[in-house]
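Visitor: Sharing start_26.pdb (PDB, C-alpha atoms) below.
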```pdb
ATOM      1  CA  MET A   1      98.324  72.040  94.698
ATOM      2  CA  LEU A   2      94.955  73.822  94.601
ATOM      3  CA  SER A   3      94.735  76.888  92.372
ATOM      4  CA  ARG A   4      93.021  78.758  95.216
ATOM      5  CA  VAL A   5      95.983  78.144  97.532
ATOM      6  CA  ALA A   6      98.454  79.136  94.817
ATOM      7  CA  SER A   7      96.552  82.387  94.264
ATOM      8  CA  HIS A   8      96.567  83.314  97.974
ATOM      9  CA  LEU A   9     100.294  82.601  98.306
ATOM     10  CA  TYR A  10     101.114  84.530  95.141
ATOM     11  CA  TRP A  11      99.087  87.564  96.201
ATOM     12  CA  LEU A  12     100.239  87.630  99.810
ATOM     13  CA  SER A  13     103.790  88.133  98.574
ATOM     14  CA  ARG A  14     102.810  90.571  95.812
ATOM     15  CA  HIS A  15     100.903  92.763  98.255
ATOM     16  CA  LEU A  16     103.721  92.715 100.793
ATOM     17  CA  GLU A  17     106.285  93.571  98.128
ATOM     18  CA  ARG A  18     103.942  96.286  96.835
ATOM     19  CA  ALA A  19     103.732  97.835 100.303
ATOM     20  CA  GLU A  20     107.522  97.884 100.517
ATOM     21  CA  ASN A  21     107.799  99.313  97.028
ATOM     22  CA  MET A  22     105.263 102.024  97.816
ATOM     23  CA  ALA A  23     107.363 102.991 100.829
ATOM     24  CA  ARG A  24     110.424 103.142  98.578
ATOM     25  CA  ILE A  25     108.625 105.287  95.990
ATOM     26  CA  LEU A  26     107.428 107.728  98.662
ATOM     27  CA  ASP A  27     110.952 107.956 100.042
ATOM     28  CA  VAL A  28     112.462 108.756  96.648
ATOM     29  CA  GLY A  29     109.588 111.133  95.881
ATOM     30  CA  HIS A  30     110.312 112.998  99.084
ATOM     31  CA  SER A  31     114.021 113.181  98.212
ATOM     32  CA  LEU A  32     113.317 114.478  94.705
ATOM     33  CA  ALA A  33     110.864 117.063  96.043
ATOM     34  CA  LEU A  34     113.679 118.486  98.167
ATOM     35  CA  LEU A  35     115.887 119.160  95.154
ATOM     36  CA  SER A  36     116.679 122.810  94.733
ATOM     37  CA  GLY A  37     114.798 123.019  91.450
ATOM     38  CA  SER A  38     111.675 121.286  92.750
ATOM     39  CA  SER A  39     110.497 123.850  95.269
ATOM     40  CA  GLY A  40     106.864 124.683  94.609
ATOM     41  CA  ASP A  41     106.764 122.339  91.628
ATOM     42  CA  ASP A  42     103.481 120.399  91.566
ATOM     43  CA  SER A  43     104.987 117.822  89.193
ATOM     44  CA  ALA A  44     107.445 116.775  91.901
ATOM     45  CA  ALA A  45     104.625 116.333  94.435
ATOM     46  CA  VAL A  46     102.500 114.161  92.147
ATOM     47  CA  GLU A  47     105.414 112.117  90.813
ATOM     48  CA  PRO A  48     104.700 109.128  93.107
ATOM     49  CA  LEU A  49     101.120 109.138  91.785
ATOM     50  CA  VAL A  50     102.356 109.036  88.195
ATOM     51  CA  ILE A  51     104.732 106.177  88.978
ATOM     52  CA  THR A  52     101.992 104.111  90.620
ATOM     53  CA  ASP A  53      99.205 104.934  88.138
ATOM     54  CA  THR A  54      97.070 106.480  90.879
ATOM     55  CA  LEU A  55      96.954 110.092  89.679
ATOM     56  CA  ASP A  56      93.301 109.885  88.561
ATOM     57  CA  ALA A  57      92.285 108.254  91.843
ATOM     58  CA  PHE A  58      93.990 111.021  93.792
ATOM     59  CA  ARG A  59      92.390 113.780  91.720
ATOM     60  CA  ALA A  60      88.984 112.200  92.364
ATOM     61  CA  THR A  61      89.459 112.909  96.084
ATOM     62  CA  GLY A  62      89.612 116.657  95.419
ATOM     63  CA  ARG A  63      92.652 117.105  97.656
ATOM     64  CA  ALA A  64      95.355 119.643  96.901
ATOM     65  CA  ALA A  65      98.378 118.136  95.170
ATOM     66  CA  THR A  66     100.868 118.672  98.002
ATOM     67  CA  ALA A  67     103.648 116.265  98.971
ATOM     68  CA  GLU A  68     101.957 115.614 102.338
ATOM     69  CA  ASN A  69      98.539 114.874 100.834
ATOM     70  CA  VAL A  70     100.047 112.566  98.233
ATOM     71  CA  ALA A  71     102.065 110.657 100.836
ATOM     72  CA  ARG A  72      99.053 110.305 103.133
ATOM     73  CA  PHE A  73      96.917 109.096 100.222
ATOM     74  CA  LEU A  74      99.423 106.458  99.086
ATOM     75  CA  ALA A  75     100.254 105.318 102.598
ATOM     76  CA  TRP A  76      96.927 105.307 104.432
ATOM     77  CA  ASP A  77      93.934 105.874 102.130
ATOM     78  CA  PRO A  78      91.267 103.295 103.086
ATOM     79  CA  VAL A  79      89.774 103.176  99.569
ATOM     80  CA  LEU A  80      92.944 102.948  97.452
ATOM     81  CA  PRO A  81      93.709  99.205  97.023
ATOM     82  CA  SER A  82      97.447  99.810  96.607
ATOM     83  CA  SER A  83      97.936 102.034  99.665
ATOM     84  CA  ILE A  84     100.507 100.715 102.120
ATOM     85  CA  ALA A  85      97.864 100.075 104.785
ATOM     86  CA  ASN A  86      95.583  98.170 102.414
ATOM     87  CA  CYS A  87      98.461  96.154 100.950
ATOM     88  CA  LEU A  88      99.575  95.040 104.408
ATOM     89  CA  GLU A  89      96.009  94.113 105.320
ATOM     90  CA  SER A  90      95.525  92.204 102.048
ATOM     91  CA  SER A  91      98.779  90.346 102.613
ATOM     92  CA  ARG A  92      97.635  89.366 106.089
ATOM     93  CA  GLU A  93      94.207  88.211 104.856
ATOM     94  CA  ASN A  94      95.760  86.095 102.094
ATOM     95  CA  THR A  95      98.141  84.534 104.616
ATOM     96  CA  ARG A  96      95.296  83.810 107.037
ATOM     97  CA  ALA A  97      93.382  82.035 104.263
ATOM     98  CA  VAL A  98      96.217  79.533 103.735
ATOM     99  CA  ARG A  99      97.667  79.149 107.221
ATOM    100  CA  GLY A 100      98.085  75.441 106.621
ATOM    101  CA  SER A 101     100.463  76.154 103.733
ATOM    102  CA  VAL A 102     102.793  78.557 105.578
ATOM    103  CA  THR A 103     104.888  78.082 108.682
ATOM    104  CA  SER A 104     103.759  79.380 112.064
ATOM    105  CA  GLU A 105     106.685  81.821 112.048
ATOM    106  CA  MET A 106     105.531  83.287 108.739
ATOM    107  CA  TRP A 107     101.986  83.764 110.015
ATOM    108  CA  GLU A 108     103.180  85.308 113.285
ATOM    109  CA  THR A 109     105.412  87.758 111.405
ATOM    110  CA  ILE A 110     102.743  88.968 109.000
ATOM    111  CA  ASN A 111     100.053  89.079 111.704
ATOM    112  CA  ASP A 112     102.318  91.058 114.023
ATOM    113  CA  THR A 113     102.992  93.521 111.200
ATOM    114  CA  TRP A 114      99.247  94.041 110.787
ATOM    115  CA  LEU A 115      98.738  94.449 114.556
ATOM    116  CA  GLN A 116     101.497  97.061 114.745
ATOM    117  CA  LEU A 117      99.896  98.890 111.813
ATOM    118  CA  GLN A 118      96.553  98.950 113.620
ATOM    119  CA  ALA A 119      98.239 100.296 116.748
ATOM    120  CA  ARG A 120      99.619 103.193 114.721
ATOM    121  CA  ARG A 121      96.180 103.858 113.267
ATOM    122  CA  ARG A 122      94.445 103.731 116.660
ATOM    123  CA  SER A 123      96.936 106.197 118.089
ATOM    124  CA  GLY A 124      95.295 108.848 115.913
ATOM    125  CA  HIS A 125      98.574 109.518 114.139
ATOM    126  CA  GLU A 126      99.068 107.997 110.707
ATOM    127  CA  PRO A 127     102.761 108.633 110.045
ATOM    128  CA  ILE A 128     104.158 109.527 106.624
ATOM    129  CA  ASP A 129     107.781 110.063 107.599
ATOM    130  CA  SER A 130     110.993 108.194 106.856
ATOM    131  CA  GLU A 131     110.741 106.247 110.104
ATOM    132  CA  PHE A 132     107.408 104.762 109.023
ATOM    133  CA  PHE A 133     108.644 103.945 105.521
ATOM    134  CA  ASP A 134     111.734 102.269 106.993
ATOM    135  CA  TRP A 135     109.464 100.227 109.278
ATOM    136  CA  VAL A 136     107.451  99.013 106.279
ATOM    137  CA  LYS A 137     110.624  97.961 104.483
ATOM    138  CA  GLU A 138     111.992  96.218 107.573
ATOM    139  CA  ARG A 139     108.775  94.229 108.091
ATOM    140  CA  SER A 140     108.858  93.109 104.474
ATOM    141  CA  HIS A 141     112.503  92.077 104.839
ATOM    142  CA  LEU A 142     111.688  90.230 108.052
ATOM    143  CA  PHE A 143     108.921  88.202 106.432
ATOM    144  CA  ARG A 144     111.155  87.354 103.493
ATOM    145  CA  GLY A 145     113.932  86.218 105.816
ATOM    146  CA  VAL A 146     111.557  84.109 107.935
ATOM    147  CA  THR A 147     110.139  82.549 104.772
ATOM    148  CA  PHE A 148     113.612  81.657 103.518
ATOM    149  CA  ALA A 149     114.625  80.212 106.900
ATOM    150  CA  THR A 150     111.521  78.159 107.716
ATOM    151  CA  SER A 151     109.808  77.070 104.473
ATOM    152  CA  ARG A 152     110.264  73.824 102.613
ATOM    153  CA  ARG A 153     111.342  74.376  99.009
ATOM    154  CA  ASP A 154     108.056  73.083  97.642
ATOM    155  CA  GLN A 155     105.296  74.608  95.520
ATOM    156  CA  PRO A 156     103.937  77.035  98.175
ATOM    157  CA  TYR A 157     107.427  78.484  98.584
ATOM    158  CA  GLN A 158     107.782  78.871  94.822
ATOM    159  CA  PHE A 159     104.480  80.742  94.437
ATOM    160  CA  ILE A 160     105.472  83.134  97.228
ATOM    161  CA  ARG A 161     108.759  83.853  95.458
ATOM    162  CA  LEU A 162     107.012  84.196  92.099
ATOM    163  CA  GLY A 163     104.763  86.970  93.392
ATOM    164  CA  THR A 164     107.705  88.758  94.972
ATOM    165  CA  PHE A 165     109.873  88.908  91.874
ATOM    166  CA  LEU A 166     107.094  89.791  89.451
ATOM    167  CA  GLU A 167     106.056  92.714  91.652
ATOM    168  CA  ARG A 168     109.666  93.759  92.199
ATOM    169  CA  ALA A 169     110.415  93.864  88.477
ATOM    170  CA  ASP A 170     107.370  96.065  87.926
ATOM    171  CA  ASN A 171     108.508  98.438  90.662
ATOM    172  CA  THR A 172     112.098  98.739  89.440
ATOM    173  CA  ALA A 173     110.903  99.623  85.945
ATOM    174  CA  ARG A 174     108.537 102.256  87.354
ATOM    175  CA  ILE A 175     111.137 103.822  89.623
ATOM    176  CA  LEU A 176     113.690 103.883  86.810
ATOM    177  CA  SER A 177     111.161 105.843  84.768
ATOM    178  CA  VAL A 178     111.130 108.619  87.406
ATOM    179  CA  LYS A 179     113.887 110.585  85.734
ATOM    180  CA  GLN A 180     112.271 110.192  82.323
ATOM    181  CA  GLY A 181     109.016 111.583  83.704
ATOM    182  CA  ARG A 182     110.805 114.536  85.298
ATOM    183  CA  GLU A 183     113.063 115.514  82.444
ATOM    184  CA  GLY A 184     110.830 114.618  79.488
ATOM    185  CA  ASN A 185     113.739 113.184  77.524
ATOM    186  CA  ASP A 186     115.841 110.084  77.156
ATOM    187  CA  ALA A 187     118.296 110.410  80.012
ATOM    188  CA  ALA A 188     120.598 107.803  78.550
ATOM    189  CA  ASP A 189     121.522 110.243  75.791
ATOM    190  CA  GLN A 190     121.656 113.515  77.727
ATOM    191  CA  GLY A 191     124.350 115.401  79.571
ATOM    192  CA  GLU A 192     124.281 115.383  83.355
ATOM    193  CA  SER A 193     123.573 118.322  85.639
ATOM    194  CA  ASP A 194     123.707 118.717  89.415
ATOM    195  CA  SER A 195     119.947 118.090  89.525
ATOM    196  CA  ASP A 196     120.476 114.931  87.466
ATOM    197  CA  TYR A 197     123.082 113.716  89.944
ATOM    198  CA  TYR A 198     120.816 114.080  92.962
ATOM    199  CA  SER A 199     117.765 112.607  91.247
ATOM    200  CA  LEU A 200     119.789 109.623  90.026
ATOM    201  CA  SER A 201     121.201 109.145  93.530
ATOM    202  CA  ALA A 202     117.655 109.133  94.885
ATOM    203  CA  VAL A 203     116.610 106.550  92.294
ATOM    204  CA  LEU A 204     119.513 104.296  93.300
ATOM    205  CA  ARG A 205     118.748 104.690  96.996
ATOM    206  CA  SER A 206     115.116 103.815  96.390
ATOM    207  CA  VAL A 207     116.148 100.353  95.175
ATOM    208  CA  SER A 208     119.025  99.945  97.661
ATOM    209  CA  SER A 209     121.580 100.068  94.858
ATOM    210  CA  LEU A 210     123.750 103.123  95.537
ATOM    211  CA  GLU A 211     126.574 101.058  97.039
ATOM    212  CA  ALA A 212     126.255  98.505  94.238
ATOM    213  CA  TYR A 213     126.610 101.291  91.666
ATOM    214  CA  ARG A 214     129.760 102.601  93.331
ATOM    215  CA  ASP A 215     131.255  99.124  93.599
ATOM    216  CA  THR A 216     130.458  98.380  89.954
ATOM    217  CA  TYR A 217     131.505 101.618  88.248
ATOM    218  CA  ARG A 218     133.675 103.453  90.801
ATOM    219  CA  ASP A 219     132.877 106.713  89.026
ATOM    220  CA  SER A 220     130.356 109.548  89.029
ATOM    221  CA  ILE A 221     126.680 108.668  88.687
ATOM    222  CA  GLU A 222     125.511 108.748  85.069
ATOM    223  CA  ALA A 223     122.045 108.055  83.678
ATOM    224  CA  ARG A 224     123.198 105.476  81.141
ATOM    225  CA  ARG A 225     125.040 103.492  83.816
ATOM    226  CA  VAL A 226     122.079 103.639  86.195
ATOM    227  CA  ALA A 227     119.909 102.243  83.398
ATOM    228  CA  GLU A 228     122.463  99.543  82.609
ATOM    229  CA  LEU A 229     122.729  98.519  86.265
ATOM    230  CA  LEU A 230     118.997  98.396  86.971
ATOM    231  CA  ILE A 231     118.046  96.700  83.707
ATOM    232  CA  PHE A 232     120.821  94.298  82.744
ATOM    233  CA  ASN A 233     123.004  93.542  85.793
ATOM    234  CA  PRO A 234     122.374  89.897  86.834
ATOM    235  CA  GLN A 235     123.972  90.353  90.282
ATOM    236  CA  LEU A 236     121.769  93.199  91.492
ATOM    237  CA  PRO A 237     118.775  91.773  93.421
ATOM    238  CA  ARG A 238     116.325  94.392  92.132
ATOM    239  CA  SER A 239     117.455  94.606  88.518
ATOM    240  CA  LEU A 240     115.045  93.507  85.804
ATOM    241  CA  ARG A 241     117.522  90.839  84.674
ATOM    242  CA  SER A 242     117.917  89.390  88.177
ATOM    243  CA  CYS A 243     114.154  89.304  88.749
ATOM    244  CA  PHE A 244     113.553  87.419  85.521
ATOM    245  CA  ASP A 245     116.410  85.009  86.162
ATOM    246  CA  GLU A 246     114.526  84.108  89.349
ATOM    247  CA  ILE A 247     111.112  83.997  87.664
ATOM    248  CA  ASP A 248     112.387  81.690  84.916
ATOM    249  CA  SER A 249     113.973  79.388  87.492
ATOM    250  CA  ILE A 250     110.795  79.299  89.602
ATOM    251  CA  LEU A 251     108.612  78.441  86.616
ATOM    252  CA  GLN A 252     110.870  75.501  85.812
ATOM    253  CA  ALA A 253     110.139  74.142  89.308
ATOM    254  CA  LEU A 254     106.353  74.410  88.902
ATOM    255  CA  PRO A 255     104.142  71.816  87.157
ATOM    256  CA  GLN A 256     104.971  71.737  83.467
ATOM    257  CA  GLU A 257     101.597  70.488  82.250
ATOM    258  CA  SER A 258     100.022  73.887  82.917
ATOM    259  CA  GLY A 259     101.176  77.452  82.415
ATOM    260  CA  HIS A 260     103.020  76.868  79.136
ATOM    261  CA  PRO A 261     102.157  80.349  77.734
ATOM    262  CA  ALA A 262     103.464  81.936  80.937
ATOM    263  CA  ARG A 263     106.716  79.969  80.828
ATOM    264  CA  ARG A 264     107.212  80.837  77.171
ATOM    265  CA  LEU A 265     106.598  84.560  77.738
ATOM    266  CA  ALA A 266     108.893  84.634  80.780
ATOM    267  CA  ALA A 267     111.635  82.930  78.752
ATOM    268  CA  VAL A 268     111.271  85.498  75.959
ATOM    269  CA  ILE A 269     111.466  88.434  78.388
ATOM    270  CA  ARG A 270     114.469  86.917  80.168
ATOM    271  CA  ALA A 271     116.261  86.267  76.866
ATOM    272  CA  GLY A 272     115.869  89.920  75.905
ATOM    273  CA  LEU A 273     117.378  90.991  79.227
ATOM    274  CA  ALA A 274     120.129  88.362  79.201
ATOM    275  CA  HIS A 275     121.318  89.129  75.680
ATOM    276  CA  GLY A 276     120.380  92.809  75.372
ATOM    277  CA  ASP A 277     122.451  95.887  76.122
ATOM    278  CA  LEU A 278     122.155  99.663  76.218
ATOM    279  CA  GLU A 279     122.438  99.913  72.450
ATOM    280  CA  ASP A 280     119.154  98.046  72.160
ATOM    281  CA  VAL A 281     117.634 100.508  74.616
ATOM    282  CA  ARG A 282     118.994 103.510  72.703
ATOM    283  CA  LYS A 283     117.349 102.343  69.500
ATOM    284  CA  VAL A 284     113.856 102.647  70.959
ATOM    285  CA  GLY A 285     114.517 105.104  73.806
ATOM    286  CA  LEU A 286     114.572 104.294  77.507
ATOM    287  CA  ARG A 287     111.012 105.459  78.107
ATOM    288  CA  ALA A 288     109.625 103.266  75.299
ATOM    289  CA  PHE A 289     111.737 100.324  76.438
ATOM    290  CA  LEU A 290     110.397 100.537  79.995
ATOM    291  CA  ASP A 291     106.809 100.995  78.819
ATOM    292  CA  GLU A 292     107.099  97.862  76.702
ATOM    293  CA  PHE A 293     108.643  95.954  79.602
ATOM    294  CA  LEU A 294     105.784  96.946  81.897
ATOM    295  CA  ARG A 295     103.239  95.788  79.332
ATOM    296  CA  ASP A 296     105.030  92.438  78.994
ATOM    297  CA  ASN A 297     105.233  92.101  82.769
ATOM    298  CA  ASN A 298     101.478  92.677  83.043
ATOM    299  CA  ARG A 299     100.866  90.124  80.293
ATOM    300  CA  LEU A 300     102.973  87.626  82.224
ATOM    301  CA  GLY A 301     100.926  88.235  85.359
ATOM    302  CA  ALA A 302      97.733  87.512  83.415
ATOM    303  CA  ALA A 303      99.260  84.376  81.885
ATOM    304  CA  LEU A 304     100.349  83.112  85.310
ATOM    305  CA  HIS A 305      96.856  83.626  86.660
ATOM    306  CA  ALA A 306      95.315  81.771  83.725
ATOM    307  CA  GLY A 307      97.815  78.921  83.925
ATOM    308  CA  TYR A 308      98.018  78.280  87.644
ATOM    309  CA  MET A 309      95.422  80.235  89.624
ATOM    310  CA  GLU A 310      92.101  80.031  87.802
ATOM    311  CA  LEU A 311      89.589  77.566  89.211
ATOM    312  CA  ARG A 312      89.260  74.538  86.944
TER     313      ARG A 312
END
```
Write the structure described by the file as structure tokens, please.

Guide:
Amino acid sequence: MLSRVASHLYWLSRHLERAENMARILDVGHSLALLSGSSGDDSAAVEPLVITDTLDAFRATGRAATAENVARFLAWDPVLPSSIANCLESSRENTRAVRGSVTSEMWETINDTWLQLQARRRSGHEPIDSEFFDWVKERSHLFRGVTFATSRRDQPYQFIRLGTFLERADNTARILSVKQGREGNDAADQGESDSDYYSLSAVLRSVSSLEAYRDTYRDSIEARRVAELLIFNPQLPRSLRSCFDEIDSILQALPQESGHPARRLAAVIRAGLAHGDLEDVRKVGLRAFLDEFLRDNNRLGAALHAGYMELR
């Protein structure tokens, strides 16, 4: 399989997952901004920017740091590469470049998503409400379902899945860090307040895990259990452990003669998640643990690019 094709497939899924994740982050940011203690708090408004590492880019625009301006920037800004609109367009362009490697249903789904996005833009109203964010998530889910239902389980399918799970792991770690950024402490070791309860509920909703938490613990929402669920639970689709179980499995299905450093790093990260527990997290602190995970995840992305997607 050509490295160019692998790169397009990998990035079409990463950009689509990134658009969905941005919609999730904006939803949880909106929920947290509505907390009783967040009224008039600039830190709540810019929280989505901190999570997505776009705070400097936003400040460069000179706009006031209001919840509406932040949401409009992250959803529709034509210059920001990771805005929802640009991610959907990038996903469509990557799909168009490799139409011979995807099914017609996959192309039609992603192209229709882009056309609907352009219709919203031409209407003169660029929405930043829950209905729009839900639409973004639904279109991402639709493409994933069509891919699962129509694709052969060959290398193109594996590279699409690889991009999805690497991006998803990055997003879960960033969203889990929301509470750390707000409170400025290690939530796994702190007592809970009413504000903690609502912010933790918002974090769980942002990764579609509130019902899973209730089914797993059948108790009140606690920071340490949220961390345990989203980091170590192998049955939760958006947990770090589940994502790396998938990544490790995918890499075993790809050519073994290339990408050895990437496979080795993925195996090391997965082993830490498979055999670790909250005590390991407590030793270094949740914030430090997540920061280290994000660095390792970025290193894995670079290793995958070097092993499978660089022109040779």

Visitor: Near Leu265 in chain A, counting all atoms listed in the file, which residues have an atom at most 10 Å away, once you skip same-chain residues fewer than 6 positions from it, shown as a PDB file with C-alpha atoms, in the frame of the given file?

Guide:
```
ATOM      1  CA  ASP A 248     112.387  81.690  84.916  1.00  0.00           C
ATOM      2  CA  ALA A 271     116.261  86.267  76.866  1.00  0.00           C
ATOM      3  CA  ASP A 296     105.030  92.438  78.994  1.00  0.00           C
ATOM      4  CA  ASN A 297     105.233  92.101  82.769  1.00  0.00           C
ATOM      5  CA  ARG A 299     100.866  90.124  80.293  1.00  0.00           C
ATOM      6  CA  LEU A 300     102.973  87.626  82.224  1.00  0.00           C
ATOM      7  CA  ALA A 303      99.260  84.376  81.885  1.00  0.00           C
ATOM      8  CA  LEU A 304     100.349  83.112  85.310  1.00  0.00           C
TER       9      LEU A 304
END
```

Visitor: Closest to Arg241 in chain A among A:Leu229, A:Ala44, A:Leu142, A:Val70, using only C-alpha atoms?

Guide: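 Smallest distance to Arg241 in chain A is found for A:Leu229.
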
Visitor: On this file, the PyMOL selection byres ((chain A and resi 161) around 12) gives some set of residues; write that set as a short mmCIF file (atom, residue, chain, number, x, y, z; two decimals) with C-alpha atoms, keeping the file's coordinate frame.

Guide:
```cif
data_model
loop_
_atom_site.label_atom_id
_atom_site.label_comp_id
_atom_site.auth_asym_id
_atom_site.auth_seq_id
_atom_site.Cartn_x
_atom_site.Cartn_y
_atom_site.Cartn_z
CA ALA A 6 98.45 79.14 94.82
CA LEU A 9 100.29 82.60 98.31
CA TYR A 10 101.11 84.53 95.14
CA TRP A 11 99.09 87.56 96.20
CA LEU A 12 100.24 87.63 99.81
CA SER A 13 103.79 88.13 98.57
CA ARG A 14 102.81 90.57 95.81
CA LEU A 16 103.72 92.72 100.79
CA GLU A 17 106.28 93.57 98.13
CA PHE A 143 108.92 88.20 106.43
CA ARG A 144 111.16 87.35 103.49
CA GLY A 145 113.93 86.22 105.82
CA THR A 147 110.14 82.55 104.77
CA PHE A 148 113.61 81.66 103.52
CA SER A 151 109.81 77.07 104.47
CA ARG A 153 111.34 74.38 99.01
CA ASP A 154 108.06 73.08 97.64
CA GLN A 155 105.30 74.61 95.52
CA PRO A 156 103.94 77.04 98.18
CA TYR A 157 107.43 78.48 98.58
CA GLN A 158 107.78 78.87 94.82
CA PHE A 159 104.48 80.74 94.44
CA ILE A 160 105.47 83.13 97.23
CA LEU A 162 107.01 84.20 92.10
CA GLY A 163 104.76 86.97 93.39
CA THR A 164 107.70 88.76 94.97
CA PHE A 165 109.87 88.91 91.87
CA LEU A 166 107.09 89.79 89.45
CA GLU A 167 106.06 92.71 91.65
CA ARG A 168 109.67 93.76 92.20
CA CYS A 243 114.15 89.30 88.75
CA PHE A 244 113.55 87.42 85.52
CA GLU A 246 114.53 84.11 89.35
CA ILE A 247 111.11 84.00 87.66
CA ASP A 248 112.39 81.69 84.92
CA SER A 249 113.97 79.39 87.49
CA ILE A 250 110.80 79.30 89.60
CA LEU A 251 108.61 78.44 86.62
CA ALA A 253 110.14 74.14 89.31
CA LEU A 254 106.35 74.41 88.90
#
```

Visitor: Please write the residues picked by the PyMOL selection byres ((chain A and resi 291) around 12) on this file as a short mmCIF file (atom, residue, chain, number, x, y, z; two decimals) with C-alpha atoms, in the coordinates of the input.

Guide:
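Generated output (selection-v7.cif):
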```
data_model
loop_
_atom_site.label_atom_id
_atom_site.label_comp_id
_atom_site.auth_asym_id
_atom_site.auth_seq_id
_atom_site.Cartn_x
_atom_site.Cartn_y
_atom_site.Cartn_z
CA ILE A 51 104.73 106.18 88.98
CA ASP A 170 107.37 96.06 87.93
CA ALA A 173 110.90 99.62 85.94
CA ARG A 174 108.54 102.26 87.35
CA ILE A 175 111.14 103.82 89.62
CA LEU A 176 113.69 103.88 86.81
CA SER A 177 111.16 105.84 84.77
CA GLN A 180 112.27 110.19 82.32
CA GLY A 181 109.02 111.58 83.70
CA VAL A 281 117.63 100.51 74.62
CA VAL A 284 113.86 102.65 70.96
CA GLY A 285 114.52 105.10 73.81
CA LEU A 286 114.57 104.29 77.51
CA ARG A 287 111.01 105.46 78.11
CA ALA A 288 109.62 103.27 75.30
CA PHE A 289 111.74 100.32 76.44
CA LEU A 290 110.40 100.54 80.00
CA GLU A 292 107.10 97.86 76.70
CA PHE A 293 108.64 95.95 79.60
CA LEU A 294 105.78 96.95 81.90
CA ARG A 295 103.24 95.79 79.33
CA ASP A 296 105.03 92.44 78.99
CA ASN A 297 105.23 92.10 82.77
CA ASN A 298 101.48 92.68 83.04
#
```

Visitor: Once the PyMOL selection byres ((chain A and resi 60-69) around 9) has been evaluated on this model, what residues remain selected, and can you format them as JSON, numbers by chain?

Guide: {"A": [29, 30, 33, 42, 43, 44, 45, 46, 55, 56, 57, 58, 59, 70, 71, 72, 73, 74, 128]}

Visitor: Quick one, how far is CA of Asn86 in chain A from CA of Arg121 in chain A?

Guide: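 Spanning CA of Asn86 in chain A to CA of Arg121 in chain A is a straight-line distance of 12.3 Å.
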
Visitor: Report, in Å with one decimal, the straight-line distance from CA of Val5 in chain A to CA of Ser83 in chain A.

Guide: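 Separation between CA of Val5 in chain A and CA of Ser83 in chain A: 24.1 Å.
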
Visitor: Here is a test: counting only C-alpha atoms, which residue of A:Thr172, A:Glu93, A:Val146, A:Gly276 is nearest to Val226 in chain A?

Guide: A:Thr172

Visitor: Would you mind listing what lies within 9 Å of Ser201 in chain A as a CSV table (one decimal) with C-alpha atoms, keeping the file's coordinate frame, with only C-alpha atoms counted and same-chain residues fewer than 5 positions away left out?

Guide:
```csv
chain,number,residue,atom,x,y,z
A,196,ASP,CA,120.5,114.9,87.5
A,206,SER,CA,115.1,103.8,96.4
A,210,LEU,CA,123.8,103.1,95.5
A,221,ILE,CA,126.7,108.7,88.7
```

Visitor: Give the answer as one residue: which of A:Arg18, A:His305, A:Arg92, A:Arg152 has the shortest atom-to-atom distance to Pro261 in chain A, using only C-alpha atoms?

Guide: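 Answer, going by the shortest atom-to-atom distance: A:His305.
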
Visitor: Could you work out how far CA of Leu88 in chain A lies from CA of Thr113 in chain A, giving the answer in Å with one decimal?

Guide: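 Separation of CA of Thr113 in chain A and CA of Leu88 in chain A: 7.8 Å.
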
Visitor: Which residues are close to Ser130 in chain A, i.e. within 10 Å by all atoms listed in the file, leaving aside same-chain residues fewer than 2 positions away? Reply as a list of chain:residue names.

Guide: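 Once the nearby chain positions are removed, what remains is A:Ala23, A:Arg24, A:Leu26, A:Asp27, A:His30, A:Pro127, A:Ile128, A:Phe132, A:Phe133, A:Asp134, A:Trp135, A:Val136.
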
Visitor: Residues near Glu222 in chain A, anyone? I mean within 8 Å using only C-alpha atoms, not counting same-chain ones fewer than 3 positions away, as a compact mmCIF listing (two decimals) with C-alpha atoms, keeping the file's coordinate frame.

Guide:
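Now in out_12.txt:
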```txt
# COMPACT_ATOMS: atom_id res chain seq x y z
CA GLU A 192 124.28 115.38 83.36
CA TYR A 197 123.08 113.72 89.94
CA LEU A 200 119.79 109.62 90.03
CA ARG A 225 125.04 103.49 83.82
CA VAL A 226 122.08 103.64 86.20
```

Visitor: From the coordinates I just gave you, please extract range 219-225 of chain A so that only N, CA and C atoms remain, then output it as a compact mmCIF listing (two decimals), in the first residue's frame.

Guide:
```txt
# COMPACT_ATOMS: atom_id res chain seq x y z
N ASP A 219 -23.07 4.56 42.15
CA ASP A 219 -22.85 5.40 43.33
C ASP A 219 -22.69 6.84 42.84
N SER A 220 -22.47 7.75 43.77
CA SER A 220 -22.28 9.15 43.42
C SER A 220 -21.02 9.32 42.57
N ILE A 221 -20.96 10.41 41.83
CA ILE A 221 -19.83 10.65 40.93
C ILE A 221 -18.66 11.20 41.72
N GLU A 222 -17.52 10.52 41.65
CA GLU A 222 -16.32 10.92 42.35
C GLU A 222 -15.17 11.05 41.36
N ALA A 223 -14.28 12.00 41.63
CA ALA A 223 -13.18 12.29 40.70
C ALA A 223 -12.29 11.08 40.47
N ARG A 224 -11.98 10.35 41.54
CA ARG A 224 -11.06 9.23 41.39
C ARG A 224 -11.67 8.13 40.53
N ARG A 225 -13.00 7.95 40.64
CA ARG A 225 -13.66 6.92 39.84
C ARG A 225 -13.80 7.36 38.39
```
